[in-house]
$ cat structure-v3.pdb   # PDB, C-alpha atoms
ATOM      1  CA  MET A 210      26.500  52.587 -49.062
ATOM      2  CA  LYS A 211      24.334  50.958 -51.760
ATOM      3  CA  ASP A 212      20.591  50.975 -51.337
ATOM      4  CA  ILE A 213      18.542  47.779 -51.578
ATOM      5  CA  ALA A 214      17.447  48.473 -55.171
ATOM      6  CA  ALA A 215      21.097  48.578 -56.281
ATOM      7  CA  ILE A 216      21.949  45.477 -54.240
ATOM      8  CA  LYS A 217      19.252  43.481 -56.048
ATOM      9  CA  GLN A 218      20.672  44.159 -59.510
ATOM     10  CA  PRO A 219      22.785  40.964 -59.863
ATOM     11  CA  VAL A 220      19.596  38.881 -59.400
ATOM     12  CA  ILE A 221      16.962  41.355 -60.599
ATOM     13  CA  ASN A 222      15.350  39.092 -63.211
ATOM     14  CA  ASP A 223      14.990  36.253 -60.715
ATOM     15  CA  PHE A 224      13.750  38.696 -58.087
ATOM     16  CA  LEU A 225      10.941  39.682 -60.452
ATOM     17  CA  ARG A 226      10.029  35.983 -60.679
ATOM     18  CA  PHE A 227       9.990  35.858 -56.892
ATOM     19  CA  GLU A 228       7.666  38.868 -56.746
ATOM     20  CA  GLU A 229       5.198  37.267 -59.160
ATOM     21  CA  GLN A 230       5.033  34.052 -57.130
ATOM     22  CA  PHE A 231       4.916  35.923 -53.827
ATOM     23  CA  LYS A 232       1.911  37.973 -54.975
ATOM     24  CA  ALA A 233       0.215  34.842 -56.331
ATOM     25  CA  ALA A 234       0.482  33.187 -52.912
ATOM     26  CA  PHE A 235      -1.701  35.968 -51.445
ATOM     27  CA  GLN A 236      -4.645  35.242 -53.727
ATOM     28  CA  SER A 237      -7.899  34.358 -52.009
ATOM     29  CA  ASP A 238     -11.612  34.270 -52.766
ATOM     30  CA  ASN A 239     -12.311  35.900 -49.407
ATOM     31  CA  GLN A 240     -13.025  39.602 -49.877
ATOM     32  CA  GLN A 241     -11.600  40.662 -46.512
ATOM     33  CA  LEU A 242      -8.386  38.681 -47.030
ATOM     34  CA  THR A 243      -8.033  40.225 -50.472
ATOM     35  CA  GLU A 244      -8.416  43.694 -48.975
ATOM     36  CA  ILE A 245      -5.808  42.996 -46.284
ATOM     37  CA  TYR A 246      -3.308  41.412 -48.642
ATOM     38  CA  THR A 247      -3.659  44.236 -51.151
ATOM     39  CA  TYR A 248      -2.826  46.569 -48.282
ATOM     40  CA  LEU A 249       0.189  44.465 -47.292
ATOM     41  CA  LEU A 250       1.507  44.217 -50.838
ATOM     42  CA  THR A 251       1.367  47.978 -51.267
ATOM     43  CA  ASN A 252       3.400  48.384 -48.072
ATOM     44  CA  VAL A 253       6.043  45.682 -48.485
ATOM     45  CA  GLY A 254       9.377  46.281 -46.811
ATOM     46  CA  LYS A 255      12.861  46.101 -48.267
ATOM     47  CA  GLN A 256      12.559  42.324 -48.831
ATOM     48  CA  VAL A 257      16.122  41.737 -47.715
ATOM     49  CA  ARG A 258      15.466  38.069 -46.939
ATOM     50  CA  PRO A 259      14.435  36.869 -50.423
ATOM     51  CA  THR A 260      17.245  38.974 -51.869
ATOM     52  CA  LEU A 261      19.653  37.060 -49.624
ATOM     53  CA  THR A 262      18.299  33.703 -50.775
ATOM     54  CA  LEU A 263      18.721  34.557 -54.444
ATOM     55  CA  LEU A 264      22.180  36.101 -54.041
ATOM     56  CA  CYS A 265      23.462  33.118 -52.046
ATOM     57  CA  SER A 266      22.017  30.732 -54.603
ATOM     58  CA  LYS A 267      23.749  32.526 -57.449
ATOM     59  CA  LEU A 268      27.015  32.816 -55.517
ATOM     60  CA  CYS A 269      27.022  29.038 -55.036
ATOM     61  CA  GLY A 270      25.842  28.132 -58.553
ATOM     62  CA  THR A 271      22.653  29.129 -60.342
ATOM     63  CA  ILE A 272      19.192  30.248 -59.296
ATOM     64  CA  ASN A 273      16.528  27.632 -59.992
ATOM     65  CA  ASP A 274      12.838  27.110 -59.172
ATOM     66  CA  THR A 275      13.716  25.658 -55.760
ATOM     67  CA  ALA A 276      15.482  28.879 -54.746
ATOM     68  CA  ILE A 277      12.511  30.974 -55.881
ATOM     69  CA  GLN A 278      10.017  28.771 -54.022
ATOM     70  CA  ALA A 279      12.101  28.771 -50.846
ATOM     71  CA  ALA A 280      12.398  32.571 -51.006
ATOM     72  CA  VAL A 281       8.604  32.851 -51.350
ATOM     73  CA  ALA A 282       7.941  30.424 -48.472
ATOM     74  CA  LEU A 283      10.353  32.240 -46.158
ATOM     75  CA  GLU A 284       8.969  35.685 -46.971
ATOM     76  CA  LEU A 285       5.427  34.423 -46.358
ATOM     77  CA  MET A 286       6.551  33.112 -42.956
ATOM     78  CA  HIS A 287       8.211  36.430 -42.205
ATOM     79  CA  THR A 288       5.090  38.400 -43.177
ATOM     80  CA  ALA A 289       2.885  36.105 -41.082
ATOM     81  CA  SER A 290       5.201  36.573 -38.089
ATOM     82  CA  LEU A 291       4.906  40.363 -38.428
ATOM     83  CA  LEU A 292       1.103  40.177 -38.335
ATOM     84  CA  HIS A 293       1.264  38.010 -35.213
ATOM     85  CA  ASP A 294       3.968  40.180 -33.591
ATOM     86  CA  ASP A 295       1.851  43.307 -33.973
ATOM     87  CA  VAL A 296      -1.001  41.631 -32.093
ATOM     88  CA  VAL A 297       1.313  40.440 -29.309
ATOM     89  CA  ASP A 298       2.947  43.880 -29.041
ATOM     90  CA  GLU A 299      -0.312  45.798 -29.624
ATOM     91  CA  ALA A 300       1.618  47.747 -32.256
ATOM     92  CA  LYS A 301      -0.390  50.454 -33.986
ATOM     93  CA  GLU A 302       2.113  51.024 -36.792
ATOM     94  CA  ARG A 303       4.202  48.931 -39.152
ATOM     95  CA  ARG A 304       6.700  50.623 -41.521
ATOM     96  CA  GLY A 305       5.157  54.013 -40.860
ATOM     97  CA  ASN A 306       1.617  52.886 -41.712
ATOM     98  CA  PRO A 307      -1.238  51.571 -39.553
ATOM     99  CA  SER A 308      -0.695  47.888 -38.787
ATOM    100  CA  VAL A 309      -3.219  45.238 -39.824
ATOM    101  CA  TYR A 310      -3.919  44.834 -36.103
ATOM    102  CA  ALA A 311      -4.769  48.541 -35.846
ATOM    103  CA  GLN A 312      -6.851  48.570 -39.048
ATOM    104  CA  TRP A 313      -8.781  45.314 -38.731
ATOM    105  CA  GLY A 314      -8.391  44.128 -35.147
ATOM    106  CA  ASN A 315      -6.497  41.338 -33.435
ATOM    107  CA  LYS A 316      -8.668  38.404 -34.541
ATOM    108  CA  THR A 317      -8.410  39.320 -38.209
ATOM    109  CA  ALA A 318      -4.673  39.964 -37.931
ATOM    110  CA  ILE A 319      -4.054  36.583 -36.304
ATOM    111  CA  LEU A 320      -6.193  34.667 -38.791
ATOM    112  CA  SER A 321      -4.607  36.506 -41.735
ATOM    113  CA  GLY A 322      -1.189  35.533 -40.402
ATOM    114  CA  ASP A 323      -2.363  31.928 -40.052
ATOM    115  CA  TYR A 324      -3.516  31.997 -43.668
ATOM    116  CA  LEU A 325      -0.080  33.179 -44.816
ATOM    117  CA  LEU A 326       1.604  30.445 -42.791
ATOM    118  CA  ALA A 327      -0.626  27.894 -44.494
ATOM    119  CA  ALA A 328       0.215  29.478 -47.853
ATOM    120  CA  SER A 329       3.920  29.084 -47.079
ATOM    121  CA  PHE A 330       3.385  25.387 -46.294
ATOM    122  CA  LEU A 331       1.634  24.992 -49.638
ATOM    123  CA  VAL A 332       4.621  26.529 -51.422
ATOM    124  CA  ILE A 333       6.971  24.219 -49.509
ATOM    125  CA  THR A 334       5.168  21.153 -50.857
ATOM    126  CA  GLY A 335       6.450  22.092 -54.312
ATOM    127  CA  ILE A 336      10.088  21.870 -53.163
ATOM    128  CA  ASN A 337      11.627  18.461 -53.833
ATOM    129  CA  ASN A 338      14.336  18.622 -51.172
ATOM    130  CA  SER A 339      13.855  17.151 -47.684
ATOM    131  CA  ARG A 340      16.835  19.072 -46.273
ATOM    132  CA  ILE A 341      15.162  22.353 -47.203
ATOM    133  CA  TRP A 342      11.849  21.125 -45.757
ATOM    134  CA  MET A 343      13.521  20.525 -42.389
ATOM    135  CA  ILE A 344      15.123  23.984 -42.355
ATOM    136  CA  LEU A 345      11.859  25.735 -43.237
ATOM    137  CA  ALA A 346       9.896  23.739 -40.647
ATOM    138  CA  ASN A 347      12.458  24.605 -37.987
ATOM    139  CA  VAL A 348      12.148  28.326 -38.796
ATOM    140  CA  GLY A 349       8.515  28.406 -37.682
ATOM    141  CA  LYS A 350       9.369  26.608 -34.444
ATOM    142  CA  LEU A 351      12.273  28.891 -33.556
ATOM    143  CA  LEU A 352      10.382  32.099 -34.412
ATOM    144  CA  ALA A 353       7.667  31.123 -31.944
ATOM    145  CA  GLU A 354      10.260  30.225 -29.294
ATOM    146  CA  GLY A 355      11.910  33.623 -29.711
ATOM    147  CA  GLU A 356       8.630  35.468 -29.283
ATOM    148  CA  LEU A 357       7.726  33.453 -26.183
ATOM    149  CA  LEU A 358      11.139  34.153 -24.646
ATOM    150  CA  GLN A 359      10.698  37.864 -25.315
ATOM    151  CA  LEU A 360       7.321  37.936 -23.566
ATOM    152  CA  ASN A 361       9.131  37.574 -20.249
ATOM    153  CA  LYS A 362       9.184  40.958 -18.571
ATOM    154  CA  ALA A 363      12.111  42.618 -16.840
ATOM    155  CA  ASP A 364      13.517  40.316 -14.156
ATOM    156  CA  GLY A 365      16.894  38.918 -13.144
ATOM    157  CA  GLU A 366      17.029  36.373 -15.961
ATOM    158  CA  THR A 367      15.854  38.579 -18.824
ATOM    159  CA  VAL A 368      18.203  41.449 -17.958
ATOM    160  CA  SER A 369      21.200  39.511 -19.249
ATOM    161  CA  GLU A 370      23.124  39.249 -22.508
ATOM    162  CA  THR A 371      22.655  35.485 -22.464
ATOM    163  CA  HIS A 372      18.875  35.851 -22.556
ATOM    164  CA  TYR A 373      19.037  38.696 -25.077
ATOM    165  CA  PHE A 374      21.099  36.741 -27.596
ATOM    166  CA  LYS A 375      18.958  33.643 -27.090
ATOM    167  CA  VAL A 376      15.933  35.726 -28.114
ATOM    168  CA  ILE A 377      17.447  37.377 -31.197
ATOM    169  CA  GLU A 378      19.091  34.179 -32.423
ATOM    170  CA  ARG A 379      15.637  32.635 -32.589
ATOM    171  CA  LYS A 380      13.528  35.675 -33.434
ATOM    172  CA  THR A 381      15.736  37.247 -36.127
ATOM    173  CA  ALA A 382      18.923  35.329 -36.931
ATOM    174  CA  THR A 383      17.166  32.027 -37.601
ATOM    175  CA  LEU A 384      15.216  33.511 -40.520
ATOM    176  CA  PHE A 385      18.296  35.165 -42.037
ATOM    177  CA  SER A 386      20.371  31.988 -41.726
ATOM    178  CA  ALA A 387      17.580  29.914 -43.268
ATOM    179  CA  CYS A 388      17.492  32.271 -46.270
ATOM    180  CA  THR A 389      21.221  32.010 -46.886
ATOM    181  CA  GLU A 390      21.435  28.287 -46.165
ATOM    182  CA  VAL A 391      18.580  27.226 -48.446
ATOM    183  CA  GLY A 392      19.953  29.487 -51.166
ATOM    184  CA  ALA A 393      23.200  27.531 -51.050
ATOM    185  CA  ILE A 394      21.472  24.140 -50.837
ATOM    186  CA  SER A 395      19.198  24.891 -53.796
ATOM    187  CA  ALA A 396      22.286  25.628 -55.938
ATOM    188  CA  GLY A 397      23.918  22.294 -55.076
ATOM    189  CA  ALA A 398      26.653  23.777 -52.868
ATOM    190  CA  ASP A 399      28.965  21.472 -50.917
ATOM    191  CA  ASN A 400      28.643  21.111 -47.136
ATOM    192  CA  GLU A 401      31.424  23.597 -46.374
ATOM    193  CA  GLN A 402      29.836  26.257 -48.573
ATOM    194  CA  ILE A 403      26.433  25.605 -46.991
ATOM    195  CA  LYS A 404      27.964  25.950 -43.512
ATOM    196  CA  ARG A 405      29.616  29.244 -44.509
ATOM    197  CA  MET A 406      26.382  30.594 -45.959
ATOM    198  CA  ARG A 407      24.478  29.635 -42.810
ATOM    199  CA  GLU A 408      27.105  31.380 -40.635
ATOM    200  CA  PHE A 409      26.945  34.476 -42.814
ATOM    201  CA  GLY A 410      23.166  34.698 -42.476
ATOM    202  CA  GLU A 411      23.171  34.076 -38.743
ATOM    203  CA  ASN A 412      25.752  36.754 -37.993
ATOM    204  CA  LEU A 413      24.092  39.189 -40.396
ATOM    205  CA  GLY A 414      20.771  38.620 -38.626
ATOM    206  CA  ILE A 415      22.246  39.263 -35.189
ATOM    207  CA  GLY A 416      23.894  42.467 -36.410
ATOM    208  CA  PHE A 417      20.639  43.545 -38.077
ATOM    209  CA  GLN A 418      18.685  43.116 -34.823
ATOM    210  CA  ILE A 419      21.285  44.886 -32.688
ATOM    211  CA  LYS A 420      21.013  47.853 -35.064
ATOM    212  CA  ASP A 421      17.227  47.883 -34.616
ATOM    213  CA  ASP A 422      17.677  47.798 -30.852
ATOM    214  CA  ILE A 423      20.129  50.693 -30.961
ATOM    215  CA  PHE A 424      17.463  52.746 -32.757
ATOM    216  CA  ASP A 425      15.121  52.274 -29.786
ATOM    217  CA  TYR A 426      17.520  54.245 -27.582
ATOM    218  CA  SER A 427      18.319  56.901 -30.162
ATOM    219  CA  ASP A 428      17.028  60.446 -30.429
ATOM    220  CA  SER A 429      13.800  60.227 -32.460
ATOM    221  CA  SER A 430      14.460  63.617 -34.055
ATOM    222  CA  ILE A 431      17.708  62.244 -35.525
ATOM    223  CA  ILE A 432      16.383  58.984 -37.008
ATOM    224  CA  GLY A 433      13.029  60.453 -38.013
ATOM    225  CA  LYS A 434      10.712  57.935 -36.374
ATOM    226  CA  PRO A 435       9.322  57.196 -32.892
ATOM    227  CA  THR A 436      11.628  55.384 -30.497
ATOM    228  CA  GLY A 437      11.208  53.678 -27.129
ATOM    229  CA  ASN A 438       8.714  51.103 -28.422
ATOM    230  CA  ASP A 439      10.539  48.183 -26.803
ATOM    231  CA  LEU A 440      10.554  50.011 -23.491
ATOM    232  CA  ARG A 441       6.802  50.586 -23.759
ATOM    233  CA  GLU A 442       6.412  46.821 -24.123
ATOM    234  CA  GLY A 443       8.708  46.087 -21.188
ATOM    235  CA  LYS A 444      11.479  44.675 -23.381
ATOM    236  CA  ILE A 445      15.058  45.259 -22.310
ATOM    237  CA  THR A 446      17.599  45.060 -25.118
ATOM    238  CA  LEU A 447      21.371  45.272 -25.389
ATOM    239  CA  PRO A 448      22.047  49.016 -24.830
ATOM    240  CA  LEU A 449      20.091  49.013 -21.560
ATOM    241  CA  ILE A 450      21.328  45.571 -20.489
ATOM    242  CA  TYR A 451      24.891  46.890 -20.620
ATOM    243  CA  ALA A 452      23.951  50.137 -18.868
ATOM    244  CA  LEU A 453      22.282  48.234 -16.032
ATOM    245  CA  LYS A 454      25.235  45.866 -15.703
ATOM    246  CA  THR A 455      27.618  48.788 -15.180
ATOM    247  CA  SER A 456      25.379  50.649 -12.726
ATOM    248  CA  SER A 457      25.028  50.616  -8.967
ATOM    249  CA  GLU A 458      22.328  48.451  -7.432
ATOM    250  CA  SER A 459      20.261  51.505  -6.495
ATOM    251  CA  GLU A 460      20.441  52.871 -10.077
ATOM    252  CA  ARG A 461      19.502  49.463 -11.452
ATOM    253  CA  GLN A 462      16.466  49.095  -9.191
ATOM    254  CA  ASP A 463      15.350  52.646  -9.970
ATOM    255  CA  ILE A 464      15.453  52.025 -13.746
ATOM    256  CA  LEU A 465      13.719  48.639 -13.497
ATOM    257  CA  LEU A 466      10.944  50.233 -11.439
ATOM    258  CA  LYS A 467      10.533  53.000 -14.012
ATOM    259  CA  ILE A 468      10.275  50.444 -16.838
ATOM    260  CA  GLN A 469       7.422  48.778 -14.974
ATOM    261  CA  SER A 470       5.747  52.190 -14.543
ATOM    262  CA  ILE A 471       5.992  53.454 -18.137
ATOM    263  CA  SER A 472       2.321  52.723 -18.794
ATOM    264  CA  THR A 473       1.400  55.389 -16.245
ATOM    265  CA  ASN A 474       4.281  57.774 -16.933
ATOM    266  CA  GLU A 475       5.604  57.945 -20.507
ATOM    267  CA  SER A 476       8.173  60.572 -19.511
ATOM    268  CA  TYR A 477      10.250  57.728 -18.081
ATOM    269  CA  ILE A 478      11.064  56.577 -21.615
ATOM    270  CA  ALA A 479      13.269  59.562 -22.426
ATOM    271  CA  GLU A 480      14.907  59.279 -19.009
ATOM    272  CA  ILE A 481      15.743  55.595 -19.510
ATOM    273  CA  GLN A 482      17.029  56.235 -23.028
ATOM    274  CA  GLN A 483      19.344  58.954 -21.720
ATOM    275  CA  PHE A 484      20.509  56.650 -18.935
ATOM    276  CA  ALA A 485      21.458  53.970 -21.478
ATOM    277  CA  ARG A 486      23.331  56.502 -23.610
ATOM    278  CA  ASP A 487      25.156  58.038 -20.636
ATOM    279  CA  LYS A 488      26.266  54.627 -19.388
ATOM    280  CA  GLY A 489      27.785  53.695 -22.771
ATOM    281  CA  GLY A 490      25.042  51.288 -23.804
ATOM    282  CA  ILE A 491      24.869  52.414 -27.424
ATOM    283  CA  THR A 492      28.667  52.393 -27.799
ATOM    284  CA  TYR A 493      28.793  48.866 -26.376
ATOM    285  CA  ALA A 494      25.989  47.661 -28.663
ATOM    286  CA  GLU A 495      27.768  49.160 -31.686
ATOM    287  CA  GLU A 496      30.943  47.290 -30.720
ATOM    288  CA  LYS A 497      28.999  44.030 -30.504
ATOM    289  CA  MET A 498      27.372  44.750 -33.863
ATOM    290  CA  ALA A 499      30.808  45.293 -35.413
ATOM    291  CA  TYR A 500      31.956  41.962 -33.950
ATOM    292  CA  TYR A 501      29.111  40.070 -35.656
ATOM    293  CA  LYS A 502      29.640  42.002 -38.864
ATOM    294  CA  ASN A 503      33.261  40.830 -38.931
ATOM    295  CA  LYS A 504      32.171  37.253 -38.285
ATOM    296  CA  ALA A 505      29.784  37.506 -41.249
ATOM    297  CA  LEU A 506      32.572  38.861 -43.457
ATOM    298  CA  GLU A 507      34.827  36.011 -42.377
ATOM    299  CA  ALA A 508      32.174  33.492 -43.437
ATOM    300  CA  LEU A 509      32.205  35.031 -46.938
ATOM    301  CA  SER A 510      36.002  35.168 -47.253
ATOM    302  CA  SER A 511      36.427  31.773 -48.951
ATOM    303  CA  PHE A 512      34.007  32.613 -51.789
ATOM    304  CA  PRO A 513      35.329  34.079 -55.049
ATOM    305  CA  ASP A 514      35.104  37.832 -55.544
ATOM    306  CA  ASN A 515      32.203  38.620 -57.874
ATOM    307  CA  GLU A 516      29.120  40.840 -58.036
ATOM    308  CA  GLU A 517      27.024  38.461 -55.897
ATOM    309  CA  LYS A 518      29.592  38.462 -53.088
ATOM    310  CA  GLU A 519      29.878  42.236 -53.373
ATOM    311  CA  ALA A 520      26.086  42.523 -53.085
ATOM    312  CA  LEU A 521      26.066  40.341 -49.940
ATOM    313  CA  ILE A 522      28.734  42.555 -48.385
ATOM    314  CA  SER A 523      26.596  45.562 -49.319
ATOM    315  CA  ILE A 524      23.609  44.019 -47.500
ATOM    316  CA  LEU A 525      25.836  43.591 -44.462
ATOM    317  CA  ASP A 526      26.923  47.231 -44.704
ATOM    318  CA  PHE A 527      23.310  48.317 -45.125
ATOM    319  CA  ALA A 528      22.130  46.273 -42.130
ATOM    320  CA  THR A 529      24.698  47.746 -39.777
ATOM    321  CA  ALA A 530      24.991  51.332 -41.091
ATOM    322  CA  ARG A 531      21.366  52.196 -41.983
ATOM    323  CA  ASN A 532      19.631  55.097 -40.270
ATOM    324  CA  TYR A 533      16.097  53.722 -40.515
TER     325      TYR A 533
END

$ encode --input "structure-v3.pdb" --output "structure tokens"
Amino acid sequence: MKDIAAIKQPVINDFLRFEEQFKAAFQSDNQQLTEIYTYLLTNVGKQVRPTLTLLCSKLCGTINDTAIQAAVALELMHTASLLHDDVVDEAKERRGNPSVYAQWGNKTAILSGDYLLAASFLVITGINNSRIWMILANVGKLLAEGELLQLNKADGETVSETHYFKVIERKTATLFSACTEVGAISAGADNEQIKRMREFGENLGIGFQIKDDIFDYSDSSIIGKPTGNDLREGKITLPLIYALKTSSESERQDILLKIQSISTNESYIAEIQQFARDKGGITYAEEKMAYYKNKALEALSSFPDNEEKEALISILDFATARNY
């Protein structure tokens, strides 16, 4: 499996342009903002989303300024959403480091996220394409909807696959599909190509999130990082949803009660994780992930074989086979 650095190679020169503009968007005269954004820029993630935008743009034609600007705007939105998510979730860590929320407090984290959202809007004004404007505007709306849906605690409605997929389609897949769709649009792709790129991104995003949710029920000593964070926040994801669906009513009520009591008894986390594994929850989630991976591959099938398509397939492999 290729790592992200190798996957970026077909668009590396344009990715460097993206990085320059992304860093420039963080600039501020405010000393505290500068301190926070320096911290964020030294702890950036894999930047899969801008890589997707550039690869899809090149697959459908050529990478131009519009593709770069859209990639910057989307990554700013993504970064802002992470700052806000950490406040909502009271998350102390992000990518193995203290979160902005933990370092500077919730007010500063929220306002810093708001600043980045405003910065993304400023970048969008430089894009001369109303279709892209509409997609980018819709991303912000759907991300917020996904977070609000996920705030609902464990009850009859939220312990369902229907609710689960509604959340991740908005919270995760919408951003991936926007990246791939605007990449295609910026390159002047036809409507069928744009549709295929959007489908690829959406299915990739769903698979990516299912993989993250599988990690939460995994043995922390195997994946090398803490697990059970969703359970601490009262969130029930696919492995446990399946386990509960295949359990007796008494087992189901016992687990739901323990989820509500985790704040007073953290030992329940390991017990619930084991329950999900024993009931086949991880196996079921992996099967679902494979289903969406195949749908993503199908969306790519009509495109010519070249290094950009190969890189997109490698991102798909990375998203569904990674161990971190």

$ resolve_selection --input "structure-v3.pdb" --expression "the PyMOL selection byres ((chain A and resi 215) around 12)" --output "compact mmCIF listing (two decimals) with C-alpha atoms, keeping the file's coordinate frame"
# COMPACT_ATOMS: atom_id res chain seq x y z
CA MET A 210 26.50 52.59 -49.06
CA LYS A 211 24.33 50.96 -51.76
CA ASP A 212 20.59 50.98 -51.34
CA ILE A 213 18.54 47.78 -51.58
CA ALA A 214 17.45 48.47 -55.17
CA ILE A 216 21.95 45.48 -54.24
CA LYS A 217 19.25 43.48 -56.05
CA GLN A 218 20.67 44.16 -59.51
CA PRO A 219 22.78 40.96 -59.86
CA VAL A 220 19.60 38.88 -59.40
CA ILE A 221 16.96 41.36 -60.60
CA LYS A 255 12.86 46.10 -48.27
CA THR A 260 17.24 38.97 -51.87
CA GLU A 516 29.12 40.84 -58.04
CA GLU A 517 27.02 38.46 -55.90
CA GLU A 519 29.88 42.24 -53.37
CA ALA A 520 26.09 42.52 -53.08
CA LEU A 521 26.07 40.34 -49.94
CA SER A 523 26.60 45.56 -49.32
CA ILE A 524 23.61 44.02 -47.50
CA PHE A 527 23.31 48.32 -45.12

$ residues_around --input "structure-v3.pdb" --residues "range 224-240 of chain A" --least-positions-apart "5" --cutoff "8 Å" --atoms "all atoms listed in the file" --output "number ranges by chain"
A: 217, 246, 250, 259-260, 263, 277-278, 280-281, 284-285, 325, 328-329, 332

$ resolve_selection --input "structure-v3.pdb" --expression "the PyMOL selection byres ((chain A and resi 323) around 12)" --output "MDAnalysis selection string"
chainID A and resid 242 285:293 316:322 324:330 349

$ atom_distance --input "structure-v3.pdb" --atom1 "CA of Leu384 in chain A" --atom2 "CA of Tyr501 in chain A"
16.1 Å

$ closest_residue --input "structure-v3.pdb" --among "A:Asp428, A:Gly443, A:Lys502, A:Pro448" --to "Ala479 in chain A" --atoms "only C-alpha atoms"
A:Asp428

$ atom_distance --input "structure-v3.pdb" --atom1 "CA of Leu360 in chain A" --atom2 "CA of Val376 in chain A"
10.0 Å

$ atom_distance --input "structure-v3.pdb" --atom1 "CA of Leu357 in chain A" --atom2 "CA of Asn438 in chain A"
17.8 Å

$ closest_residue --input "structure-v3.pdb" --among "A:Lys404, A:Phe385, A:Glu442, A:Glu244" --to "Gln256 in chain A" --atoms "only C-alpha atoms"
A:Phe385

$ residues_around --input "structure-v3.pdb" --residues "Ala485 in chain A" --least-positions-apart "5" --cutoff "12 Å" --atoms "only C-alpha atoms" --output "PyMOL selection string"
chain A and resi 422-423+425-428+437+440+445-456+460-461+464+478-480+490-494

$ resolve_selection --input "structure-v3.pdb" --expression "the PyMOL selection byres ((chain A and resi 382) around 9)" --output "count of residues only"
19

$ axis_aligned_box --input "structure-v3.pdb" --around "range 479-494 of chain A" --padding-each-side "3 Å" --output "lines of an AutoDock Vina configuration file"
center_x = 21.0
center_y = 53.6
center_z = -23.8
size_x = 21.5
size_y = 17.9
size_z = 15.7
